[in-house]
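Dropping data.cif in here (mmCIF, C-alpha atoms):
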```
data_entry
loop_
_atom_site.label_atom_id
_atom_site.label_comp_id
_atom_site.auth_asym_id
_atom_site.auth_seq_id
_atom_site.Cartn_x
_atom_site.Cartn_y
_atom_site.Cartn_z
CA MET A 149 108.42 119.56 101.60
CA ASN A 150 107.40 121.85 98.73
CA VAL A 151 108.76 121.32 95.23
CA PRO A 152 110.99 124.27 94.20
CA ILE A 153 109.55 126.37 91.37
CA VAL A 154 111.60 128.30 88.82
CA ARG A 155 110.24 130.50 86.04
CA THR A 156 113.20 131.52 83.89
CA VAL A 157 115.49 129.66 81.53
CA ALA A 158 118.52 131.14 83.29
CA ASP A 159 117.46 129.79 86.69
CA LEU A 160 116.61 126.39 85.22
CA ARG A 161 119.99 126.07 83.52
CA THR A 162 121.86 127.17 86.64
CA ILE A 163 120.22 124.44 88.70
CA VAL A 164 120.73 121.76 86.05
CA ALA A 165 124.38 122.75 85.67
CA GLY A 166 124.82 122.11 89.39
CA TRP A 167 123.25 118.68 89.04
CA ARG A 168 125.55 117.96 86.11
CA ARG A 169 128.62 118.76 88.16
CA GLU A 170 127.42 116.13 90.64
CA GLY A 171 127.16 113.57 87.82
CA ALA A 172 123.36 113.31 88.07
CA ILE A 173 121.14 111.78 85.38
CA VAL A 174 118.40 114.31 84.64
CA ALA A 175 114.86 113.61 83.39
CA VAL A 176 112.14 115.99 82.25
CA VAL A 177 108.37 115.44 82.22
CA PRO A 178 106.70 118.08 80.00
CA THR A 179 103.10 118.92 80.98
CA MET A 180 100.50 121.63 80.60
CA GLY A 181 99.46 121.24 84.22
CA ALA A 182 96.07 120.15 85.55
CA LEU A 183 97.97 117.09 86.72
CA HIS A 184 96.19 113.77 87.16
CA GLU A 185 97.37 110.25 87.89
CA GLY A 186 98.52 109.84 84.30
CA HIS A 187 101.00 112.69 84.70
CA LEU A 188 102.04 111.48 88.13
CA SER A 189 102.77 108.02 86.74
CA LEU A 190 105.21 109.67 84.32
CA VAL A 191 106.90 111.44 87.22
CA ARG A 192 107.23 108.16 89.11
CA ALA A 193 108.70 106.48 86.04
CA ALA A 194 111.18 109.34 85.69
CA LEU A 195 112.17 109.14 89.35
CA ASP A 196 112.83 105.45 88.87
CA LYS A 197 115.26 106.09 86.00
CA ALA A 198 116.92 109.41 86.88
CA ASP A 199 118.64 111.11 89.79
CA ARG A 200 116.87 114.44 89.26
CA VAL A 201 113.44 115.06 87.75
CA ILE A 202 112.11 118.31 86.29
CA VAL A 203 108.38 118.67 85.68
CA THR A 204 107.51 121.47 83.30
CA LEU A 205 104.19 123.31 83.44
CA PHE A 206 103.31 125.54 80.52
CA VAL A 207 99.95 125.91 78.80
CA ASN A 208 101.31 126.31 75.30
CA PRO A 209 99.19 128.69 73.21
CA LYS A 210 100.82 127.54 69.98
CA GLN A 211 99.27 124.08 70.13
CA PHE A 212 95.66 125.23 70.55
CA ASN A 213 93.43 125.63 67.50
CA SER A 214 90.79 127.61 69.37
CA ALA A 215 91.12 130.68 71.59
CA ALA A 216 88.12 129.42 73.57
CA ASP A 217 89.77 126.04 74.12
CA LEU A 218 92.95 127.76 75.31
CA ALA A 219 90.98 129.98 77.69
CA ALA A 220 89.04 127.00 79.06
CA TYR A 221 92.10 124.85 79.72
CA PRO A 222 92.44 124.40 83.49
CA ARG A 223 95.28 126.23 85.23
CA THR A 224 95.97 124.71 88.63
CA GLU A 225 99.60 125.41 89.48
CA VAL A 226 99.12 125.43 93.27
CA GLU A 227 97.32 122.11 93.23
CA ASP A 228 99.82 120.67 90.76
CA ALA A 229 102.78 121.61 92.95
CA ALA A 230 101.05 120.02 95.94
CA LYS A 231 100.62 116.76 94.00
CA LEU A 232 104.28 116.70 92.98
CA ALA A 233 105.75 117.37 96.41
CA PRO A 234 105.11 113.97 98.02
CA LEU A 235 106.46 112.16 94.96
CA GLY A 236 109.87 113.73 95.36
CA ALA A 237 110.05 115.68 92.09
CA HIS A 238 113.09 117.92 92.28
CA LEU A 239 111.94 120.97 90.32
CA LEU A 240 108.85 122.50 88.74
CA TYR A 241 109.66 124.71 85.78
CA ALA A 242 106.70 127.03 85.16
CA PRO A 243 107.59 129.83 82.74
CA ASP A 244 105.09 132.36 81.43
CA ALA A 245 104.40 133.01 77.76
CA ALA A 246 106.82 135.94 77.57
CA GLU A 247 109.66 133.76 78.87
CA THR A 248 108.90 130.97 76.42
CA TYR A 249 108.10 133.14 73.41
CA PRO A 250 109.88 136.47 73.96
CA GLU A 251 109.14 139.51 71.82
CA GLY A 252 110.18 138.90 68.25
CA PHE A 253 110.01 135.11 68.49
CA ALA A 254 109.69 133.92 64.89
CA THR A 255 110.72 130.25 64.73
CA ALA A 256 108.60 127.14 64.36
CA VAL A 257 109.55 123.47 64.33
CA SER A 258 107.51 121.42 61.87
CA VAL A 259 107.68 117.63 61.74
CA GLY A 260 106.44 115.88 58.61
CA GLY A 261 105.35 112.31 58.12
CA VAL A 262 104.17 111.15 61.54
CA SER A 263 102.31 114.43 62.13
CA GLU A 264 100.11 113.92 59.06
CA GLY A 265 96.58 112.56 59.34
CA LEU A 266 94.86 111.59 62.60
CA CYS A 267 94.97 114.62 64.94
CA GLY A 268 97.18 116.45 62.46
CA ALA A 269 94.34 116.50 59.96
CA PHE A 270 91.80 117.92 62.40
CA ARG A 271 94.06 120.27 64.35
CA PRO A 272 96.12 122.18 61.77
CA GLY A 273 99.29 123.62 63.28
CA HIS A 274 98.86 121.70 66.53
CA PHE A 275 101.91 119.51 66.15
CA ASP A 276 104.03 122.44 65.00
CA GLY A 277 103.18 124.04 68.33
CA VAL A 278 103.99 120.84 70.21
CA ALA A 279 107.28 120.28 68.42
CA THR A 280 108.35 123.91 68.88
CA VAL A 281 107.72 124.08 72.61
CA VAL A 282 109.08 120.60 73.33
CA ALA A 283 112.26 121.35 71.38
CA LYS A 284 112.69 124.48 73.48
CA LEU A 285 112.07 122.59 76.72
CA PHE A 286 114.58 119.91 75.76
CA LEU A 287 117.24 122.50 74.98
CA GLN A 288 116.44 124.56 78.06
CA ALA A 289 116.53 121.63 80.47
CA GLY A 290 119.38 119.71 78.86
CA ALA A 291 117.91 116.50 80.26
CA ASP A 292 119.04 112.96 79.47
CA LEU A 293 115.54 111.46 79.45
CA ALA A 294 112.04 112.72 78.66
CA PHE A 295 108.82 110.95 79.60
CA PHE A 296 105.55 111.07 77.63
CA GLY A 297 102.30 109.11 77.87
CA GLU A 298 101.20 106.75 75.12
CA LYS A 299 97.64 108.09 75.24
CA ASP A 300 98.88 110.89 72.98
CA PHE A 301 100.44 108.32 70.68
CA GLN A 302 100.84 110.50 67.60
CA GLN A 303 102.39 113.23 69.76
CA LEU A 304 104.88 110.67 71.10
CA HIS A 305 105.93 109.85 67.53
CA VAL A 306 106.20 113.54 66.63
CA VAL A 307 108.45 114.24 69.63
CA ARG A 308 110.67 111.23 68.91
CA ARG A 309 111.07 112.21 65.26
CA MET A 310 111.80 115.83 66.15
CA ALA A 311 114.50 114.94 68.68
CA ARG A 312 116.09 112.42 66.31
CA ASP A 313 116.04 114.73 63.28
CA LEU A 314 117.46 117.70 65.21
CA ASP A 315 120.12 115.60 66.95
CA ILE A 316 118.90 116.59 70.40
CA PRO A 317 120.77 114.23 72.78
CA ILE A 318 117.81 112.97 74.77
CA THR A 319 116.08 109.59 75.12
CA ILE A 320 112.29 109.66 74.76
CA VAL A 321 110.50 107.19 77.04
CA GLY A 322 106.89 106.29 76.26
CA CYS A 323 104.76 105.16 79.20
CA PRO A 324 101.49 103.17 79.10
CA THR A 325 98.13 104.95 79.17
CA VAL A 326 96.68 105.24 82.68
CA ARG A 327 92.96 104.58 82.93
CA GLU A 328 90.13 104.92 85.39
CA GLU A 329 88.75 101.68 86.80
CA ASP A 330 86.02 101.73 84.15
CA GLY A 331 88.59 102.02 81.35
CA LEU A 332 88.39 105.73 80.50
CA ALA A 333 91.82 107.09 79.61
CA LEU A 334 92.85 109.80 82.05
CA SER A 335 92.83 113.30 80.55
CA SER A 336 92.70 116.82 81.89
CA ARG A 337 89.69 117.32 79.61
CA ASN A 338 87.63 114.68 81.43
CA VAL A 339 86.58 117.28 84.01
CA ARG A 340 84.49 118.92 81.26
CA LEU A 341 82.22 115.88 80.93
CA SER A 342 78.72 116.10 82.36
CA PRO A 343 77.64 113.24 84.67
CA GLY A 344 75.79 111.58 81.81
CA GLU A 345 78.72 112.01 79.44
CA ARG A 346 81.12 110.66 82.03
CA GLN A 347 78.97 107.53 82.29
CA ALA A 348 79.08 107.05 78.52
CA ALA A 349 82.75 107.94 78.05
CA PRO A 350 84.30 104.52 78.92
CA ARG A 351 82.50 102.90 76.00
CA LEU A 352 85.15 104.39 73.70
CA ALA A 353 87.93 102.26 75.20
CA SER A 354 85.67 99.23 75.42
CA ILE A 355 84.78 99.46 71.74
CA LEU A 356 88.45 99.88 70.79
CA HIS A 357 89.46 96.79 72.76
CA THR A 358 86.67 94.75 71.18
CA ALA A 359 87.67 95.96 67.71
CA ALA A 360 91.28 95.00 68.39
CA GLY A 361 90.15 91.52 69.38
CA GLN A 362 88.12 91.16 66.21
CA ILE A 363 91.02 92.19 63.99
CA VAL A 364 93.35 89.74 65.74
CA GLY A 365 90.65 87.12 65.26
CA GLY A 366 90.66 87.65 61.51
CA VAL A 367 87.71 89.99 60.90
CA PRO A 368 88.62 92.38 58.05
CA VAL A 369 89.95 95.72 59.24
CA SER A 370 87.57 97.81 57.13
CA GLN A 371 84.54 95.92 58.40
CA THR A 372 85.70 96.12 62.01
CA LEU A 373 86.36 99.86 61.86
CA SER A 374 83.03 100.53 60.16
CA GLU A 375 81.17 98.62 62.87
CA ALA A 376 83.20 100.32 65.59
CA ARG A 377 82.25 103.78 64.28
CA VAL A 378 78.58 102.83 64.48
CA ALA A 379 79.08 101.48 67.99
CA ILE A 380 80.80 104.68 69.18
CA LEU A 381 77.96 106.82 67.88
CA SER A 382 75.40 104.44 69.38
CA ALA A 383 77.18 104.80 72.73
CA GLY A 384 76.37 108.52 72.83
CA TYR A 385 79.28 110.15 71.03
CA ARG A 386 78.15 112.77 68.55
CA GLU A 387 81.03 112.59 66.07
CA VAL A 388 83.96 110.32 65.24
CA GLU A 389 86.74 112.43 63.75
CA TYR A 390 88.90 109.46 62.90
CA LEU A 391 89.24 105.78 63.68
CA GLU A 392 92.21 104.13 62.04
CA MET A 393 94.71 101.33 62.39
CA ARG A 394 98.33 102.44 62.12
CA ALA A 395 101.66 100.66 62.48
CA ASP A 396 102.96 100.91 66.02
CA ALA A 397 106.52 101.61 64.88
CA ASP A 398 105.99 104.47 62.42
CA LEU A 399 102.25 105.27 62.18
CA ARG A 400 101.92 104.15 58.56
CA PRO A 401 98.27 103.32 57.69
CA LEU A 402 97.42 99.61 57.71
CA ASN A 403 94.53 97.78 56.09
CA ALA A 404 95.63 94.38 57.38
CA LEU A 405 97.36 93.16 60.54
CA TYR A 406 100.86 92.04 59.58
CA CYS A 407 102.86 93.90 62.26
CA PRO A 408 102.23 95.36 65.74
CA ALA A 409 99.64 98.10 65.34
CA ARG A 410 97.45 100.61 67.14
CA LEU A 411 93.82 101.52 66.78
CA LEU A 412 93.61 105.27 67.23
CA VAL A 413 90.45 107.31 67.67
CA ALA A 414 89.27 110.84 68.28
CA ALA A 415 85.60 111.42 69.04
CA TRP A 416 83.40 114.15 70.44
CA LEU A 417 81.24 113.48 73.48
CA GLY A 418 79.10 116.57 73.86
CA ASN A 419 81.55 119.47 73.69
CA THR A 420 84.56 117.43 74.76
CA ARG A 421 87.01 115.88 72.34
CA LEU A 422 88.44 112.59 73.59
CA ILE A 423 91.29 110.57 72.09
CA ASP A 424 92.42 107.04 72.84
CA ASN A 425 94.37 104.17 71.36
CA VAL A 426 94.90 100.47 72.00
CA GLU A 427 97.47 97.96 70.84
CA VAL A 428 96.64 95.39 68.18
CA VAL A 429 99.20 92.59 68.28
CA PRO A 430 99.26 89.83 65.64
CA ARG A 431 98.64 86.32 66.95
CA GLN A 432 102.23 85.19 66.58
CA ASN A 433 103.41 88.18 68.64
CA VAL A 434 100.82 87.49 71.34
CA ALA A 435 101.91 83.88 71.57
CA ALA A 436 105.59 84.82 71.68
CA ILE A 437 105.05 87.40 74.41
CA SER A 438 102.52 85.76 76.68
CA GLY A 439 101.58 82.30 75.52
CA GLU A 440 97.94 83.34 75.95
CA PRO A 441 95.20 81.85 73.75
CA ASP A 442 93.60 83.88 70.98
CA LEU A 443 91.53 86.86 72.04
CA LYS A 444 87.81 86.26 72.29
CA VAL A 445 85.77 88.10 69.69
CA THR A 446 82.60 89.75 70.94
CA SER A 447 80.00 92.12 69.52
CA LEU A 448 80.94 95.75 68.95
CA HIS A 449 77.47 97.16 69.29
CA ALA A 450 76.65 99.26 72.33
CA SER A 451 74.29 97.75 74.82
#
```
This structure in structure tokens:
Amino acid sequence: MNVPIVRTVADLRTIVAGWRREGAIVAVVPTMGALHEGHLSLVRAALDKADRVIVTLFVNPKQFNSAADLAAYPRTEVEDAAKLAPLGAHLLYAPDAAETYPEGFATAVSVGGVSEGLCGAFRPGHFDGVATVVAKLFLQAGADLAFFGEKDFQQLHVVRRMARDLDIPITIVGCPTVREEDGLALSSRNVRLSPGERQAAPRLASILHTAAGQIVGGVPVSQTLSEARVAILSAGYREVEYLEMRADADLRPLNALYCPARLLVAAWLGNTRLIDNVEVVPRQNVAAISGEPDLKVTSLHAS
């Protein structure tokens, strides 16, 4: 069975209104298409929590900093719809740019605080574009739940803050990063990697996990991050845009581990920009959650 596709706000709202009359719980999974297993895991999570699931597909020009990057972004609607059908997604909402940003559109949503630094520092205007389109999608779909991946951890915080500050009645659900067997975080941009780059790419996650273990083990944060930067470059990456530890709850910068945290990184491998993050949990939290012994500390340097 094919997943139904609608392209206008009016059609979307008509269908959702029908679901509402039936008392259905509605979820939305915003995407830019080029769906991979990471996206599909969000759809499965949504289907587990809601009666009806909308997947949105819109390559949002307002969140790209480069016209070339926008042009190069894969557009695979037919393949995406085929991937969604067997999962049981109830609707694919795929508007065009004119439907999303009609003539005369002059509004932007800007989220402070959590959008600053990290990707916000290197992609000016990016999170304004994200917040604007996601706010529109939330209001258009009128869903109860929205599902986002934790790989884009800063984006997840931006979306949560935006919905809370604007009193949009929707619950944001963050879902764990999905990885390849070798540890590489799934991303639509991974298809741009050359064979050699693809072989080197998993070192980013490996180095992050090792750095997290060192910090939990008591190695100073500044020393660990400095060594991790060297290790990333030694692994074949040409530039590290940022590598920081931030509080898991609100993204405030941390120079010591006194609360649950994340290591967040953006680095260039050839012409492809990859981002990733891993949890850093203080020892007492690890013990409380799992009862596992302390993490083993190993060398950061690439082999």
Applied to this file, what does the PyMOL selection byres ((chain A and resi 151) around 8) return in terms of residues, put as a CSV table (one decimal) with C-alpha atoms, in the frame of the given file?
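What landed in out00.csv:
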```csv
chain,number,residue,atom,x,y,z
A,149,MET,CA,108.4,119.6,101.6
A,150,ASN,CA,107.4,121.8,98.7
A,152,PRO,CA,111.0,124.3,94.2
A,153,ILE,CA,109.6,126.4,91.4
A,229,ALA,CA,102.8,121.6,93.0
A,230,ALA,CA,101.0,120.0,95.9
A,232,LEU,CA,104.3,116.7,93.0
A,233,ALA,CA,105.8,117.4,96.4
A,236,GLY,CA,109.9,113.7,95.4
A,237,ALA,CA,110.0,115.7,92.1
A,238,HIS,CA,113.1,117.9,92.3
A,239,LEU,CA,111.9,121.0,90.3
A,240,LEU,CA,108.8,122.5,88.7
```
If we count all atoms listed in the file, what is near stretch 260-273 of chain A at a cut-off of 12 Å, once residues fewer than 5 positions away on the same chain are taken out, given as a count of residues only?
45
Take the PyMOL selection byres ((chain A and resi 255) around 12), apply it to the structure above, and return the hits as a ChimeraX atom specification.
/A:210,248-254,256-258,276-277,279-281,283-284
Just-selected residues, C-alpha atoms written as a compact mmCIF listing (two decimals), keeping the file's coordinate frame:
```txt
# COMPACT_ATOMS: atom_id res chain seq x y z
CA LYS A 210 100.82 127.54 69.98
CA THR A 248 108.90 130.97 76.42
CA TYR A 249 108.10 133.14 73.41
CA PRO A 250 109.88 136.47 73.96
CA GLU A 251 109.14 139.51 71.82
CA GLY A 252 110.18 138.90 68.25
CA PHE A 253 110.01 135.11 68.49
CA ALA A 254 109.69 133.92 64.89
CA ALA A 256 108.60 127.14 64.36
CA VAL A 257 109.55 123.47 64.33
CA SER A 258 107.51 121.42 61.87
CA ASP A 276 104.03 122.44 65.00
CA GLY A 277 103.18 124.04 68.33
CA ALA A 279 107.28 120.28 68.42
CA THR A 280 108.35 123.91 68.88
CA VAL A 281 107.72 124.08 72.61
CA ALA A 283 112.26 121.35 71.38
CA LYS A 284 112.69 124.48 73.48
```
Which one is closest to A:His357: A:Val426, A:Ala291, A:Asn403, A:Ile380? Count only C-alpha atoms.
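Nearest candidate to A:His357 out of A:Val426, A:Ala291, A:Asn403, A:Ile380: A:Val426.
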Using all atoms listed in the file, determine which residues lie at most 8 Å from A:Thr224, disregarding the query and same-chain residues fewer than 2 positions distant; provide the list as a PDB file with C-alpha atoms, in the frame of the given file.
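The new file around14.pdb reads:
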```
ATOM      1  CA  GLY A 181      99.460 121.240  84.220  1.00  0.00           C
ATOM      2  CA  ALA A 182      96.070 120.150  85.550  1.00  0.00           C
ATOM      3  CA  PRO A 222      92.440 124.400  83.490  1.00  0.00           C
ATOM      4  CA  VAL A 226      99.120 125.430  93.270  1.00  0.00           C
ATOM      5  CA  GLU A 227      97.320 122.110  93.230  1.00  0.00           C
ATOM      6  CA  ASP A 228      99.820 120.670  90.760  1.00  0.00           C
TER       7      ASP A 228
END
```
Residue nearest A:Gly361 - candidates A:Ser382, A:Glu427, A:Arg327, A:Gly297, atoms counted: all atoms listed in the file:
A:Glu427
Result set, the PyMOL selection byres ((chain A and resi 330-336) around 9) on current file, as a list in words:
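Here the PyMOL selection byres ((chain A and resi 330-336) around 9) matches Gly181, Ala182, Leu183, His184, Glu185, Gly186, Tyr221, Pro222, Lys299, Thr325, Val326, Arg327, Glu328, Glu329, Arg337, Asn338, Val339, Arg340, Arg346, Ala349, Pro350, Arg351, Leu352, Ala353, Ser354, Leu422, Ile423 and Asp424 of chain A.
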Residues at most 7 Å from A:Arg161, counting all atoms listed in the file, excluding those fewer than 3 positions away in the same chain, as a list in words?
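After dropping sequence-adjacent residues, the list is Val157, Ala158, Val164, Ala165, Gln288 and Ala289 of chain A.
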State, in Å with one decimal place, the distance from atom CA of A:Glu345 to atom CA of A:Ser370.
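Between atom CA of A:Glu345 and atom CA of A:Ser370 the gap is 27.9 Å.
The space between atom CA of A:Leu405 and atom CA of A:Val428 spans 8.0 Å.
Put simply, atom CA of A:Lys197 is 8.9 Å away from atom CA of A:Val174.
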Which residue gives the smallest distance to A:Glu247 among A:Trp167, A:Trp416, A:Phe206, A:Phe295, with all atoms listed in the file counted?
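Of A:Trp167, A:Trp416, A:Phe206, A:Phe295, the one nearest A:Glu247, counting all atoms listed in the file, is A:Phe206.
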Could you check which of A:Ala242, A:Ala294, A:Val259, A:Leu218 is closest to A:Leu195, using only C-alpha atoms?
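Nearest candidate to A:Leu195 out of A:Ala242, A:Ala294, A:Val259, A:Leu218: A:Ala294.
Considering only C-alpha atoms, the residue among A:Thr156, A:Gln362, A:Ser374, A:Thr162 positioned nearest to A:Leu285 is A:Thr156.
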In terms of the shortest atom-to-atom distance over only C-alpha atoms, which of A:Ser342, A:Ala245, A:Tyr385, A:Ala404 is closest to A:Pro368?
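Going through A:Ser342, A:Ala245, A:Tyr385, A:Ala404 one by one, the smallest distance to A:Pro368 is for A:Ala404.
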Protein and nucleic acid residues near (117.9, 105.9, 83.9) (cut-off 12 Å, only C-alpha atoms) as an mmCIF file with C-alpha atoms, keeping the file's coordinate frame:
```cif
data_model
loop_
_atom_site.group_PDB
_atom_site.id
_atom_site.type_symbol
_atom_site.label_atom_id
_atom_site.label_comp_id
_atom_site.auth_asym_id
_atom_site.auth_seq_id
_atom_site.Cartn_x
_atom_site.Cartn_y
_atom_site.Cartn_z
ATOM 1 C CA ALA A 172 123.360 113.310 88.070
ATOM 2 C CA ILE A 173 121.140 111.780 85.380
ATOM 3 C CA VAL A 174 118.400 114.310 84.640
ATOM 4 C CA ALA A 175 114.860 113.610 83.390
ATOM 5 C CA VAL A 176 112.140 115.990 82.250
ATOM 6 C CA ALA A 193 108.700 106.480 86.040
ATOM 7 C CA ALA A 194 111.180 109.340 85.690
ATOM 8 C CA LEU A 195 112.170 109.140 89.350
ATOM 9 C CA ASP A 196 112.830 105.450 88.870
ATOM 10 C CA LYS A 197 115.260 106.090 86.000
ATOM 11 C CA ALA A 198 116.920 109.410 86.880
ATOM 12 C CA ASP A 199 118.640 111.110 89.790
ATOM 13 C CA ARG A 200 116.870 114.440 89.260
ATOM 14 C CA VAL A 201 113.440 115.060 87.750
ATOM 15 C CA ALA A 291 117.910 116.500 80.260
ATOM 16 C CA ASP A 292 119.040 112.960 79.470
ATOM 17 C CA LEU A 293 115.540 111.460 79.450
ATOM 18 C CA ALA A 294 112.040 112.720 78.660
ATOM 19 C CA PHE A 295 108.820 110.950 79.600
ATOM 20 C CA ILE A 318 117.810 112.970 74.770
ATOM 21 C CA THR A 319 116.080 109.590 75.120
ATOM 22 C CA ILE A 320 112.290 109.660 74.760
ATOM 23 C CA VAL A 321 110.500 107.190 77.040
#
```
For A:Cys323, work out the shell of residues within 7 Å, counting only C-alpha atoms and skipping chain neighbours fewer than 5 positions away, then give it as a PDB file with C-alpha atoms, keeping the file's coordinate frame.
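New file out_8.pdb:
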```
ATOM      1  CA  LEU A 190     105.210 109.670  84.320  1.00  0.00           C
ATOM      2  CA  PHE A 296     105.550 111.070  77.630  1.00  0.00           C
ATOM      3  CA  GLY A 297     102.300 109.110  77.870  1.00  0.00           C
ATOM      4  CA  GLU A 298     101.200 106.750  75.120  1.00  0.00           C
TER       5      GLU A 298
END
```
